[in-house]
>>> print(open('data_17.txt').read())   # compact mmCIF, C-alpha atoms
# COMPACT_ATOMS: atom_id res chain seq x y z
CA MET A 1 46.85 -0.70 51.59
CA ASP A 2 48.70 -3.47 53.26
CA GLU A 3 46.42 -6.44 53.84
CA GLY A 4 47.99 -7.33 57.16
CA LEU A 5 47.40 -3.83 58.51
CA ARG A 6 43.86 -3.90 57.19
CA SER A 7 43.00 -7.16 58.90
CA GLU A 8 44.57 -5.96 62.15
CA LEU A 9 42.52 -2.80 62.08
CA SER A 10 39.32 -4.66 61.20
CA LYS A 11 39.80 -6.90 64.23
CA GLN A 12 39.74 -3.76 66.28
CA GLY A 13 36.57 -2.58 64.58
CA VAL A 14 38.14 -0.08 62.16
CA PHE A 15 37.20 -0.77 58.57
CA THR A 16 39.18 0.83 55.78
CA THR A 17 38.27 1.15 52.16
CA THR A 18 38.74 3.51 49.26
CA ILE A 19 36.26 5.98 47.86
CA GLU A 20 36.34 4.07 44.58
CA ASP A 21 35.30 0.87 46.32
CA ILE A 22 32.48 2.45 48.25
CA TYR A 23 31.23 4.42 45.26
CA ASN A 24 31.19 1.40 43.00
CA TRP A 25 29.70 -0.79 45.73
CA GLY A 26 26.81 1.60 46.11
CA ARG A 27 26.24 1.80 42.38
CA ARG A 28 26.41 -1.88 41.65
CA ASN A 29 24.07 -2.93 44.38
CA SER A 30 21.22 -0.78 43.16
CA VAL A 31 21.15 -0.95 39.40
CA TRP A 32 17.59 -0.09 38.40
CA PRO A 33 16.65 -1.38 34.99
CA LEU A 34 14.34 0.29 32.51
CA GLN A 35 11.18 -1.59 31.60
CA PHE A 36 12.20 -2.49 28.08
CA GLY A 37 10.97 -5.78 26.73
CA LEU A 38 10.45 -6.04 23.01
CA ALA A 39 9.71 -9.69 22.23
CA CYS A 40 10.03 -13.20 23.65
CA CYS A 41 13.11 -12.43 25.74
CA ALA A 42 10.92 -10.02 27.66
CA ILE A 43 8.96 -12.99 29.00
CA GLU A 44 12.15 -14.53 30.31
CA MET A 45 13.08 -11.18 31.81
CA ILE A 46 9.71 -11.04 33.55
CA ALA A 47 10.24 -14.60 34.77
CA THR A 48 13.58 -13.49 36.20
CA THR A 49 11.86 -10.81 38.23
CA MET A 50 9.24 -13.15 39.60
CA ALA A 51 9.39 -15.27 42.69
CA ARG A 52 11.49 -18.19 41.52
CA TYR A 53 14.52 -16.36 40.08
CA ASP A 54 14.06 -13.09 41.86
CA LEU A 55 16.22 -10.36 40.34
CA ALA A 56 15.32 -7.87 43.05
CA ARG A 57 17.66 -9.55 45.50
CA PHE A 58 20.54 -8.40 43.26
CA GLY A 59 19.51 -4.80 43.50
CA ALA A 60 17.20 -4.47 40.54
CA GLU A 61 14.51 -3.54 42.97
CA VAL A 62 12.10 -1.83 40.61
CA PHE A 63 11.96 -1.71 36.85
CA ARG A 64 11.51 1.99 36.18
CA PRO A 65 8.99 2.96 33.54
CA SER A 66 10.76 6.21 32.80
CA PRO A 67 14.22 6.29 31.22
CA ARG A 68 15.12 9.34 33.26
CA GLN A 69 15.20 7.24 36.43
CA ALA A 70 16.85 4.11 35.12
CA ASP A 71 20.48 2.98 35.14
CA LEU A 72 20.32 -0.09 32.96
CA MET A 73 18.59 -0.89 29.71
CA ILE A 74 18.05 -4.60 29.13
CA VAL A 75 17.30 -4.82 25.41
CA ALA A 76 15.26 -7.99 25.44
CA GLY A 77 13.95 -9.12 22.10
CA THR A 78 14.21 -8.45 18.39
CA VAL A 79 14.89 -4.82 17.55
CA THR A 80 13.08 -3.97 14.34
CA LYS A 81 14.37 -1.19 12.14
CA LYS A 82 11.15 0.71 12.82
CA MET A 83 11.81 0.57 16.57
CA ALA A 84 15.55 1.24 16.41
CA PRO A 85 15.37 5.08 16.50
CA GLN A 86 13.12 4.92 19.56
CA VAL A 87 15.55 2.56 21.32
CA VAL A 88 18.40 4.97 20.71
CA ARG A 89 16.26 7.90 21.81
CA LEU A 90 15.38 6.16 25.06
CA TYR A 91 19.04 5.38 25.62
CA ASN A 92 19.91 9.02 25.07
CA GLN A 93 17.31 10.03 27.61
CA MET A 94 18.85 7.89 30.34
CA PRO A 95 21.18 9.87 32.59
CA GLU A 96 24.77 8.74 33.08
CA PRO A 97 26.02 6.34 34.41
CA LYS A 98 24.09 3.97 32.20
CA TYR A 99 24.63 0.43 31.02
CA VAL A 100 23.15 -1.81 28.36
CA ILE A 101 22.62 -5.53 28.44
CA ALA A 102 21.83 -7.10 25.06
CA MET A 103 19.67 -10.07 25.96
CA GLY A 104 19.13 -12.87 23.52
CA ALA A 105 20.38 -13.64 20.05
CA CYS A 106 18.19 -11.01 18.40
CA ALA A 107 19.58 -8.10 20.35
CA ILE A 108 23.15 -9.28 19.85
CA SER A 109 23.09 -9.86 16.10
CA GLY A 110 19.61 -10.18 14.70
CA GLY A 111 19.23 -13.75 15.87
CA PRO A 112 17.07 -16.26 14.00
CA PHE A 113 15.35 -13.45 12.11
CA LYS A 114 18.58 -12.00 10.78
CA GLN A 115 17.58 -12.07 7.14
CA GLY A 116 14.32 -10.27 7.82
CA TYR A 117 13.71 -7.05 5.97
CA ASN A 118 12.78 -5.19 9.11
CA VAL A 119 15.25 -6.69 11.58
CA LEU A 120 18.11 -4.62 12.93
CA LYS A 121 21.07 -6.97 13.05
CA GLY A 122 22.12 -6.24 16.59
CA ILE A 123 21.51 -3.25 18.81
CA ASP A 124 25.26 -2.72 19.16
CA ARG A 125 25.14 -1.12 15.72
CA PHE A 126 23.81 2.02 17.39
CA MET A 127 24.54 1.79 21.11
CA PRO A 128 27.47 0.63 23.21
CA VAL A 129 26.62 -2.68 24.87
CA ASP A 130 28.23 -3.78 28.11
CA VAL A 131 27.07 -7.37 28.47
CA HIS A 132 25.76 -9.74 25.81
CA ILE A 133 23.68 -12.75 26.81
CA PRO A 134 23.52 -15.46 24.16
CA GLY A 135 20.47 -17.66 24.09
CA CYS A 136 17.12 -17.88 22.45
CA PRO A 137 15.80 -17.06 24.95
CA PRO A 138 18.46 -17.13 27.62
CA ARG A 139 17.35 -18.79 30.81
CA PRO A 140 16.64 -16.61 33.84
CA GLU A 141 19.84 -17.95 35.39
CA ALA A 142 21.71 -16.58 32.38
CA LEU A 143 20.18 -13.16 32.89
CA ILE A 144 21.15 -13.28 36.55
CA HIS A 145 24.67 -14.24 35.55
CA ALA A 146 24.76 -11.33 33.14
CA PHE A 147 23.57 -9.03 35.88
CA MET A 148 26.36 -10.27 38.13
CA THR A 149 28.88 -9.81 35.33
CA LEU A 150 27.66 -6.25 34.97
CA GLN A 151 28.09 -5.77 38.70
CA LYS A 152 31.67 -7.03 38.49
CA LYS A 153 32.26 -4.66 35.59
CA ILE A 154 30.94 -1.73 37.59
CA ASP A 155 33.16 -2.77 40.50
CA ALA A 156 36.20 -2.65 38.25
CA GLN A 157 35.49 0.85 36.93
CA LYS A 158 37.98 3.51 37.90
CA LEU A 159 37.19 7.03 38.98
CA THR A 160 40.36 8.77 37.88
CA GLY A 161 42.91 8.35 35.22
CA PRO A 162 42.67 8.09 31.43
CA ASP A 163 40.63 4.89 31.51
CA ARG A 164 38.06 6.14 33.96
CA ALA A 165 34.38 5.38 33.74
CA ARG A 166 32.50 6.93 30.85
CA HIS A 167 30.27 9.11 32.98
CA LEU A 168 33.25 10.84 34.54
CA ASN A 169 34.99 11.43 31.25
CA ALA A 170 33.83 14.56 29.48
CA ASP A 171 35.42 13.47 26.19
CA GLU A 172 33.39 10.29 25.79
CA PRO A 173 29.96 10.70 24.22
CA SER A 174 26.97 9.70 26.26
CA GLU A 175 24.35 10.38 23.64
CA PHE A 176 24.43 8.70 20.27
CA PRO A 177 22.95 9.85 16.99
CA VAL A 178 19.46 8.59 16.32
CA PRO A 179 19.12 6.83 12.95
CA ALA A 180 16.61 8.29 10.53
CA PHE A 181 14.15 6.41 8.36
CA GLY A 182 15.47 6.23 4.82
CA ALA A 183 13.83 5.05 1.64
CA LYS A 184 15.18 1.52 1.76
CA ASP A 185 16.97 1.19 5.07
CA LEU A 186 17.85 3.14 8.16
CA GLU A 187 20.20 6.03 7.58
CA PRO A 188 22.90 5.33 8.62
CA PRO A 189 22.56 1.52 8.64
CA HIS A 190 25.01 1.44 11.51
CA ASN A 191 26.98 3.93 13.54
CA PRO A 192 30.52 3.73 12.09
CA ALA A 193 32.09 5.10 15.27
CA LEU A 194 30.61 2.28 17.33
CA TRP A 195 30.46 -0.79 15.15
CA GLN A 196 32.32 -2.06 12.14
CA PRO A 197 31.65 -5.43 10.56
CA PRO A 198 34.38 -7.71 11.87
CA LYS A 199 37.17 -8.44 9.43
CA VAL A 200 37.78 -12.13 9.12
CA GLU A 201 40.66 -13.78 7.31
CA ARG A 202 39.39 -16.71 5.36
CA ALA A 203 41.40 -19.50 3.84
CA GLU A 204 39.85 -19.42 0.38
CA MET B 205 -21.69 -26.58 3.78
CA GLU B 206 -22.53 -26.55 0.11
CA SER B 207 -19.92 -27.26 -2.48
CA LEU B 208 -18.11 -24.37 -4.08
CA GLU B 209 -19.89 -24.94 -7.38
CA THR B 210 -23.27 -24.58 -5.69
CA ILE B 211 -22.13 -21.44 -3.91
CA LYS B 212 -20.92 -20.02 -7.21
CA GLU B 213 -24.28 -20.65 -8.88
CA ARG B 214 -26.15 -19.04 -6.01
CA ILE B 215 -23.90 -16.00 -6.08
CA GLU B 216 -24.41 -15.65 -9.81
CA ALA B 217 -28.16 -15.76 -9.25
CA ALA B 218 -28.10 -13.27 -6.37
CA VAL B 219 -25.57 -10.80 -7.78
CA PRO B 220 -26.29 -10.53 -11.49
CA GLY B 221 -23.30 -9.64 -13.57
CA ALA B 222 -20.72 -11.04 -11.20
CA ILE B 223 -17.86 -12.76 -12.99
CA LEU B 224 -16.66 -15.71 -10.94
CA GLU B 225 -14.11 -18.41 -11.60
CA ILE B 226 -13.18 -21.43 -9.54
CA VAL B 227 -9.46 -22.05 -9.00
CA GLU B 228 -8.79 -25.68 -8.20
CA ASN B 229 -6.52 -26.52 -5.30
CA PRO B 230 -4.71 -29.78 -6.06
CA GLY B 231 -3.79 -30.44 -2.43
CA ALA B 232 -5.41 -33.03 -0.23
CA ALA B 233 -7.61 -30.51 1.60
CA ALA B 234 -9.21 -29.54 -1.72
CA GLU B 235 -9.86 -25.97 -0.63
CA HIS B 236 -10.74 -24.52 -3.98
CA SER B 237 -11.04 -20.77 -4.24
CA LEU B 238 -13.32 -18.37 -6.01
CA VAL B 239 -11.97 -15.48 -8.08
CA VAL B 240 -14.26 -12.46 -8.02
CA ASP B 241 -14.12 -9.46 -10.33
CA HIS B 242 -13.55 -6.00 -8.90
CA GLY B 243 -16.88 -4.44 -9.79
CA HIS B 244 -19.03 -6.92 -7.90
CA ALA B 245 -16.70 -7.91 -5.10
CA LEU B 246 -18.44 -5.86 -2.42
CA ARG B 247 -21.89 -7.16 -3.27
CA VAL B 248 -20.64 -10.75 -3.48
CA ALA B 249 -19.04 -10.28 -0.06
CA GLU B 250 -22.25 -8.92 1.40
CA PHE B 251 -24.20 -11.85 -0.04
CA LEU B 252 -21.75 -14.32 1.49
CA ARG B 253 -22.00 -12.60 4.84
CA ASP B 254 -25.78 -12.21 4.95
CA ASP B 255 -27.14 -15.26 3.15
CA GLU B 256 -29.11 -17.48 5.53
CA SER B 257 -27.46 -20.76 4.69
CA LEU B 258 -23.90 -19.38 4.42
CA LYS B 259 -23.64 -16.63 7.07
CA LEU B 260 -19.89 -16.24 6.56
CA ASP B 261 -19.44 -13.57 9.18
CA HIS B 262 -15.80 -14.18 10.18
CA CYS B 263 -12.98 -13.17 7.88
CA SER B 264 -10.17 -15.02 9.57
CA ASN B 265 -7.27 -14.32 7.26
CA VAL B 266 -6.44 -11.96 4.43
CA THR B 267 -3.17 -12.57 2.68
CA GLY B 268 -1.40 -11.37 -0.40
CA VAL B 269 0.22 -13.34 -3.19
CA ASP B 270 2.67 -12.11 -5.78
CA TRP B 271 2.55 -13.84 -9.13
CA LEU B 272 5.49 -12.85 -11.30
CA ASP B 273 5.35 -12.63 -15.09
CA SER B 274 6.10 -16.16 -16.10
CA VAL B 275 7.50 -17.41 -19.36
CA GLU B 276 6.96 -21.05 -20.02
CA LYS B 277 8.69 -22.91 -22.81
CA VAL B 278 6.68 -25.77 -24.17
CA ARG B 279 8.05 -28.29 -26.62
CA GLU B 280 5.59 -29.43 -29.19
CA LYS B 281 5.75 -31.81 -32.11
CA VAL B 282 4.50 -29.97 -35.15
CA LYS B 283 4.22 -31.13 -38.72
CA LYS B 284 6.13 -28.65 -40.82
CA VAL B 285 7.37 -28.51 -44.35
CA VAL B 286 11.16 -28.45 -44.20
CA ASP B 287 13.25 -28.59 -47.38
CA GLY B 288 10.30 -29.72 -49.40
CA GLU B 289 9.51 -32.67 -47.16
CA GLU B 290 6.86 -32.89 -44.52
CA LYS B 291 8.54 -33.74 -41.25
CA GLU B 292 7.67 -33.81 -37.61
CA VAL B 293 9.69 -31.13 -35.95
CA VAL B 294 9.95 -30.31 -32.29
CA GLU B 295 9.11 -26.66 -31.89
CA VAL B 296 9.61 -24.64 -28.77
CA LYS B 297 6.71 -22.33 -28.01
CA THR B 298 6.96 -19.66 -25.37
CA ILE B 299 3.80 -19.01 -23.38
CA GLU B 300 3.91 -15.71 -21.55
CA THR B 301 1.57 -15.22 -18.62
CA PRO B 302 1.54 -11.70 -17.25
CA GLY B 303 1.87 -11.39 -13.52
CA TYR B 304 -0.50 -9.86 -11.01
CA LEU B 305 -0.96 -9.34 -7.29
CA GLU B 306 -3.70 -11.14 -5.45
CA SER B 307 -5.45 -10.82 -2.12
CA VAL B 308 -6.93 -14.00 -0.68
CA TYR B 309 -9.72 -14.00 1.92
CA HIS B 310 -10.50 -16.98 4.14
CA LEU B 311 -14.09 -16.79 5.36
CA PHE B 312 -15.68 -18.84 8.13
CA SER B 313 -19.06 -18.83 9.77
CA MET B 314 -19.18 -18.46 13.52
CA LYS B 315 -22.94 -18.78 13.60
CA LEU B 316 -23.32 -21.92 11.52
CA GLY B 317 -19.87 -23.33 12.19
CA HIS B 318 -18.73 -24.04 8.66
CA GLY B 319 -16.11 -22.87 6.26
CA PRO B 320 -13.73 -21.98 4.84
CA VAL B 321 -14.74 -20.29 1.66
CA VAL B 322 -11.72 -18.80 -0.06
CA LEU B 323 -12.10 -15.64 -2.15
CA ARG B 324 -9.45 -14.24 -4.44
CA LEU B 325 -9.22 -10.73 -5.87
CA ARG B 326 -6.67 -10.19 -8.61
CA THR B 327 -5.10 -6.93 -9.76
CA GLY B 328 -4.54 -6.03 -13.39
CA ASN B 329 -0.77 -6.24 -13.30
CA ARG B 330 2.16 -5.76 -10.95
CA SER B 331 3.24 -2.29 -11.91
CA GLY B 332 0.62 0.38 -12.51
CA ASP B 333 -2.77 -1.26 -12.09
CA VAL B 334 -2.62 -2.39 -8.45
CA THR B 335 -5.94 -1.29 -6.96
CA LEU B 336 -8.47 -3.65 -5.44
CA PRO B 337 -11.78 -2.99 -3.71
CA SER B 338 -11.45 -3.22 0.05
CA LEU B 339 -13.69 -5.69 1.85
CA THR B 340 -13.23 -3.93 5.19
CA PRO B 341 -16.74 -2.39 5.07
CA VAL B 342 -18.08 -5.96 5.02
CA TRP B 343 -15.71 -7.68 7.46
CA ARG B 344 -14.05 -5.42 10.01
CA GLY B 345 -11.34 -8.00 10.66
CA ALA B 346 -9.87 -7.36 7.25
CA GLU B 347 -8.82 -3.82 8.18
CA LEU B 348 -5.33 -4.39 9.57
CA GLN B 349 -4.63 -7.31 7.27
CA GLU B 350 -5.37 -5.23 4.18
CA ARG B 351 -3.01 -2.61 5.58
CA GLU B 352 -0.37 -5.32 5.81
CA ILE B 353 -0.94 -6.30 2.16
CA PHE B 354 -0.66 -2.64 1.19
CA ASP B 355 2.60 -2.35 3.12
CA LEU B 356 4.26 -5.53 1.97
CA TYR B 357 2.90 -6.05 -1.55
CA GLY B 358 1.82 -2.59 -2.67
CA VAL B 359 -1.83 -3.32 -3.36
CA VAL B 360 -3.96 -0.18 -2.93
CA PHE B 361 -7.36 -0.95 -1.42
CA GLU B 362 -10.14 1.41 -2.46
CA GLY B 363 -12.64 2.08 0.27
CA HIS B 364 -10.30 1.20 3.12
CA PRO B 365 -10.85 3.55 6.07
CA ASP B 366 -7.20 3.97 7.04
CA LEU B 367 -4.74 2.76 4.44
CA ARG B 368 -1.16 3.27 5.58
CA ARG B 369 1.89 1.15 6.29
CA ILE B 370 1.69 -1.09 9.30
CA LEU B 371 5.00 -2.94 9.64
CA MET B 372 7.49 -0.76 7.79
CA TRP B 373 7.93 2.95 8.48
CA ASP B 374 5.99 5.51 6.48
CA GLU B 375 8.99 6.84 4.56
CA TYR B 376 9.87 3.36 3.31
CA GLU B 377 9.69 3.00 -0.42
CA ASP B 378 9.57 -0.65 -1.19
CA HIS B 379 7.36 -3.66 -0.85
CA PRO B 380 9.33 -6.39 0.89
CA MET B 381 7.15 -9.42 0.22
CA ARG B 382 7.24 -9.03 -3.54
CA LYS B 383 9.21 -11.74 -5.26
CA ASP B 384 11.56 -9.25 -6.89
CA TYR B 385 12.47 -7.46 -3.66
CA VAL B 386 16.16 -6.79 -3.26
CA GLU B 387 17.50 -6.35 0.26
CA PRO B 388 19.63 -3.30 1.04
CA ASP B 389 23.33 -3.98 1.37
CA ASP B 390 23.28 -4.19 5.14
CA TYR B 391 26.23 -6.47 5.63
CA GLU B 392 25.56 -9.28 8.02
CA TYR B 393 28.51 -10.95 9.61
CA GLU B 394 28.41 -14.71 9.27
CA PRO B 395 31.10 -16.98 10.68
CA THR B 396 30.76 -19.59 7.90
CA PRO B 397 29.03 -18.05 4.91
CA HIS B 398 27.93 -20.14 2.00
CA ASP B 399 25.45 -19.87 -0.88
CA GLU B 400 23.51 -16.62 -0.81
CA VAL B 401 25.29 -15.12 2.16
CA LEU B 402 28.71 -15.78 0.63
CA LYS B 403 27.60 -13.99 -2.53
CA LYS B 404 26.43 -11.05 -0.47
CA ALA B 405 29.66 -10.92 1.51
CA LYS B 406 31.75 -10.95 -1.65
CA ALA B 407 29.59 -8.27 -3.22
CA HIS B 408 29.91 -6.10 -0.14
CA PHE B 409 33.65 -6.29 0.16
CA GLY B 410 34.50 -6.55 -3.50
CA GLU B 411 36.34 -9.42 -5.13
CA GLY B 412 39.42 -8.96 -3.01
CA GLY B 413 39.37 -12.48 -1.69
CA LYS B 414 39.96 -11.30 1.83
CA GLU B 415 37.16 -9.85 3.91
>>> encode(input="data_17.txt", output="structure tokens")
Amino acid sequence: MDEGLRSELSKQGVFTTTIEDIYNWGRRNSVWPLQFGLACCAIEMIATTMARYDLARFGAEVFRPSPRQADLMIVAGTVTKKMAPQVVRLYNQMPEPKYVIAMGACAISGGPFKQGYNVLKGIDRFMPVDVHIPGCPPRPEALIHAFMTLQKKIDAQKLTGPDRARHLNADEPSEFPVPAFGAKDLEPPHNPALWQPPKVERAE
Amino acid sequence: MESLETIKERIEAAVPGAILEIVENPGAAAEHSLVVDHGHALRVAEFLRDDESLKLDHCSNVTGVDWLDSVEKVREKVKKVVDGEEKEVVEVKTIETPGYLESVYHLFSMKLGHGPVVLRLRTGNRSGDVTLPSLTPVWRGAELQEREIFDLYGVVFEGHPDLRRILMWDEYEDHPMRKDYVEPDDYEYEPTPHDEVLKKAKAHFGEGGKE
């Protein structure tokens, strides 16, 4: 809509918008996270919800204990291979639209414990991640910044068209296969549809 | 607290038949340890816990150690008859020490405020003979730690109330803290690989040169 016309109308008290804007505005201002702290990053997440760096003023009013009522999963902390199937199961139990923030180095790629025998090298091996927060642990301001980035991402989602949001697109999967416990490693060690090790050209 | 030699003599008097050995610790703290045989371990433990002057009622740490089979080559000067003449020849002798698994207990006394006394229990070898008596009936704090040793080293504790894996999942079939543990080929992306990680990356992608 023409900006001039819009400002003229708003001076007269008539506000115009699109359904997409209003829908996304409503969704992004009330993203309720799931209580999901695994390790040290969980302490920083708790600090972000406390008085000094209050996350509730951004819309994360309550951290839901049940995945059925949550919109956002903040994977905070090292994901061990023993815990990985439960993380994916919880993600599957969340209703669409759902988002994932990978908080801290461990959730992004295994972090400082990458060579551990029980460490899953990044939760994006099994789940689609929307925002990654580097840091060990990331400061509460970083988590707030990630939350705002997620809000901008939700704002930019479209409702129609081929690149519409995942929850409106019946072709995109919203549940991902849960890895099984194998004899030496998880089976599969990563979800090939979601994550491939990056190919790097090296000057050898 | 009494010296370890005194403790050893008193244990030998109180638990007849116990076979004990002192392992010297060359470090500055001089925390020497006591190797106990399997048959008398429980009674030695009970003596250490109940004896009036020791009262070692707190088992603060139980850990496992993996000793691999080691082959040591020692050069010795030996007088040998070579070509009719007696000469001094340098001979290389190989000393083979078989490996074993070990569980090490650190014991303190809360009541009398002394410690630590370090106990060691050694298995027969690393492959078939890996059972040890569990000291959980004596010190409850050893329960979860012995489970950890079972999970990560493979030592089976006889007499443990609930022996199952604690860190790895139940279907896992390996013991990660053993020295000969090989990681699964779970390729880890590294921006600047070198040494071990470079070897792993090359092995994963084959010797193509390019990743």
>>> residues_around(input="data_17.txt", residues="region 89-96 of chain A", least_positions_apart="5", cutoff="9 Å", atoms="only C-alpha atoms", output="list in words")
Ser66, Pro67, Arg68, Gln69, Ala70, Asp71, Leu72, Met73, Ala84, Met127, Arg166, His167, Leu168, Ser174, Glu175, Phe176, Pro177 and Val178 of chain A
>>> residues_around(input="data_17.txt", residues="Ile133 (chain A)", least_positions_apart="5", cutoff="9 Å", atoms="all atoms listed in the file", output="JSON, numbers by chain")
{"A": [101, 102, 103, 104, 105, 107, 108, 138, 142, 143, 145, 146]}
>>> interface_residues(input="data_17.txt", of="chain B", to="chain A", cutoff="6 Å", atoms="all atoms listed in the file", output="short mmCIF file (atom, residue, chain, number, x, y, z; two decimals) with C-alpha atoms, in the frame of the given file")
data_model
loop_
_atom_site.label_atom_id
_atom_site.label_comp_id
_atom_site.auth_asym_id
_atom_site.auth_seq_id
_atom_site.Cartn_x
_atom_site.Cartn_y
_atom_site.Cartn_z
CA TRP B 373 7.93 2.95 8.48
CA GLU B 375 8.99 6.84 4.56
CA TYR B 376 9.87 3.36 3.31
CA GLU B 377 9.69 3.00 -0.42
CA GLU B 415 37.16 -9.85 3.91
#
>>> closest_residue(input="data_17.txt", among="B:Leu260, B:Val360, B:Ile299, B:Val240", to="Val275 (chain B)", atoms="all atoms listed in the file")
B:Ile299
>>> closest_residue(input="data_17.txt", among="B:Lys259, B:Arg326, B:Lys277, B:His310", to="Val239 (chain B)", atoms="all atoms listed in the file")
B:Arg326
>>> atom_distance(input="data_17.txt", atom1="CA of Ala245 (chain B)", atom2="CA of Pro341 (chain B)")
11.6 Å
>>> residues_near_point(input="data_17.txt", point="(4.9, -27.1, -25.0)", cutoff="9 Å", atoms="all atoms listed in the file", output="list in words")
Glu276, Lys277, Val278, Arg279, Glu280, Lys281, Glu295, Val296, Lys297, Thr298 and Ile299 of chain B
